[in-house]
Amino acid sequence: MGFNEKVHAFIAASFYTHLTESFGERGRLAFVHATQYYAEQRGRRMAQRAIRDGKPLTYEVYCQYGEWVNTPEIIEQGCANQSERLSLAPDYMVKITKCPWHAQFAEMGLTEAGHEYCQHLDNSICRGFNPYLVYEVPQTLHKSDCCIHIVRNAGLSEQSGTKKKMEYTKPFEYHCAHSYFAYSEVARAIFAAQGEQVSAKVLADFTREYGSDMADTLVSYRDTNFNVC
């Protein structure tokens with residue numbers, strides 16, 4: 001197995017487990033904050049590329065500048081993202097009925113962790129990209145039969161070009177490292193040495209699950225500045 005969406009989900013799930021086991025409600029709040037922190041960094045990188053290319057920070061451009069696509073491995077497993085558009089204008093609304101992040105959290109028996117992650121992730125990416133866009137996630141697949149995502153006054157039409165710019169996508173080893181170091185940074189900031197212990201436990205979980213080579217690859221990103229594109 002290489003780095004993919006489910007590996008990415010494993011990291012967040014492991015942080016949720018150790019943060020809540022160690023700190024209870026404070027750990028849950030730290031997890032939410034770290035998820036938002038991580039996601040907003042992704043959104044800001046997208047915005048930086050768009051501004052560099054002379055593009056407005058609209059939802060149409062947001063769709064074009066997303067940093068990932070489903071990996072071949074996840075497609076082969078049959079758990080790649082599946083969605084259906086419910087509304088185009090004025091509000092863009094989509095329901096998601098299958099997702100590898102949902103699959104991974106479910107396999108780990110961590111429904112609550114998955115719900116916390118997914119209800120805060122995409123709206124935070126969008127906020128990082130442009131805080132004036134209104135992105136809502138009123139329900140997730142972890143507790144309902146589908147996820148619902150709504151972008152208010154999205155400005156889309158049938159002629160909108162939302163095809164992703166593949167040259168700006170990142171490999172999942174990058175996304176997994178970003179996730180690990182974003183959660184680690186927040187855990188350390190809030191809980192000091194105890195937070196560093198949480199990160200060490202997550203890395204140990206990761207090594208047991210995926211092996212030392214993948215763990216070494218993860219750690220090799222330690223000096224990466226994930227705030228910039």
# chains A, B, ... in the order shown; residues from 1 in each chain; ligands from 1
>>> select_by_dssp(residues="region 4-224 of chain A", states="alpha helix (DSSP H)", output="PyMOL selection string")
chain A and resi 5-52+59-64+72-77+100-107+111-129+172-210+212-219
>>> residues_around(residues="region 164-180 of chain A", least_positions_apart="2", cutoff="6 Å", atoms="only C-alpha atoms", output="ChimeraX atom specification")
/A:3-4,8,64-65,67-68,182-183,218
>>> residues_around(residues="Asn153 (chain A)", least_positions_apart="5", cutoff="9 Å", atoms="only C-alpha atoms", output="VMD selection string")
chain A and resid 89 to 92 133 to 134
>>> write_last_selection(atoms="C-alpha atoms", output="short mmCIF file (atom, residue, chain, number, x, y, z; two decimals), in the first residue's frame")
data_model
loop_
_atom_site.label_atom_id
_atom_site.label_comp_id
_atom_site.auth_asym_id
_atom_site.auth_seq_id
_atom_site.Cartn_x
_atom_site.Cartn_y
_atom_site.Cartn_z
CA ALA A 89 -27.95 28.00 -8.53
CA PRO A 90 -28.28 30.19 -6.66
CA ASP A 91 -26.88 27.77 -4.05
CA TYR A 92 -24.71 24.89 -5.18
CA LEU A 133 -17.55 32.36 0.42
CA VAL A 134 -20.22 30.65 2.53
#
>>> residues_around(residues="Ala9 (chain A)", least_positions_apart="2", cutoff="7 Å", atoms="only C-alpha atoms", output="MDAnalysis selection string")
chainID A and resid 5:7 11:13 101 104:105
>>> residues_around(residues="His115 (chain A)", least_positions_apart="6", cutoff="8 Å", atoms="only C-alpha atoms", output="list in words")
Thr140, Leu141, His142 and Lys143 of chain A
>>> write_last_selection(atoms="N, CA, C and O atoms", output="PDB file, in the first residue's frame")
ATOM      1  N   THR A 140     -23.218  14.767   7.688  1.00  0.00           N
ATOM      2  CA  THR A 140     -22.132  13.951   7.143  1.00  0.00           C
ATOM      3  C   THR A 140     -22.577  12.502   7.022  1.00  0.00           C
ATOM      4  O   THR A 140     -23.516  12.053   7.684  1.00  0.00           O
ATOM      5  N   LEU A 141     -21.848  11.780   6.198  1.00  0.00           N
ATOM      6  CA  LEU A 141     -22.130  10.373   5.948  1.00  0.00           C
ATOM      7  C   LEU A 141     -21.928   9.518   7.199  1.00  0.00           C
ATOM      8  O   LEU A 141     -22.464   8.415   7.295  1.00  0.00           O
ATOM      9  N   HIS A 142     -21.198  10.032   8.141  1.00  0.00           N
ATOM     10  CA  HIS A 142     -20.924   9.273   9.363  1.00  0.00           C
ATOM     11  C   HIS A 142     -22.170   9.108  10.232  1.00  0.00           C
ATOM     12  O   HIS A 142     -22.280   8.132  10.972  1.00  0.00           O
ATOM     13  N   LYS A 143     -23.102  10.055  10.129  1.00  0.00           N
ATOM     14  CA  LYS A 143     -24.310   9.998  10.962  1.00  0.00           C
ATOM     15  C   LYS A 143     -25.596  10.073  10.152  1.00  0.00           C
ATOM     16  O   LYS A 143     -26.682  10.048  10.728  1.00  0.00           O
TER      17      LYS A 143
END
>>> closest_residue(among="A:Gly66, A:Pro56, A:Gly114, A:Gly109", to="Arg42 (chain A)", atoms="only C-alpha atoms")
A:Gly66
>>> residues_around(residues="Thr35 (chain A)", least_positions_apart="6", cutoff="10 Å", atoms="only C-alpha atoms", output="list in words")
Ala12, Leu29, Glu116, Tyr117, Cys118, Gln119, His120, Leu121, Asp122, Ser124, Ile125, Ser179, Ala182, Tyr183 and Val186 of chain A
>>> closest_residue(among="A:Ala50, A:Val137, A:Val32, A:Ala80", to="Arg152 (chain A)", atoms="only C-alpha atoms")
A:Val137
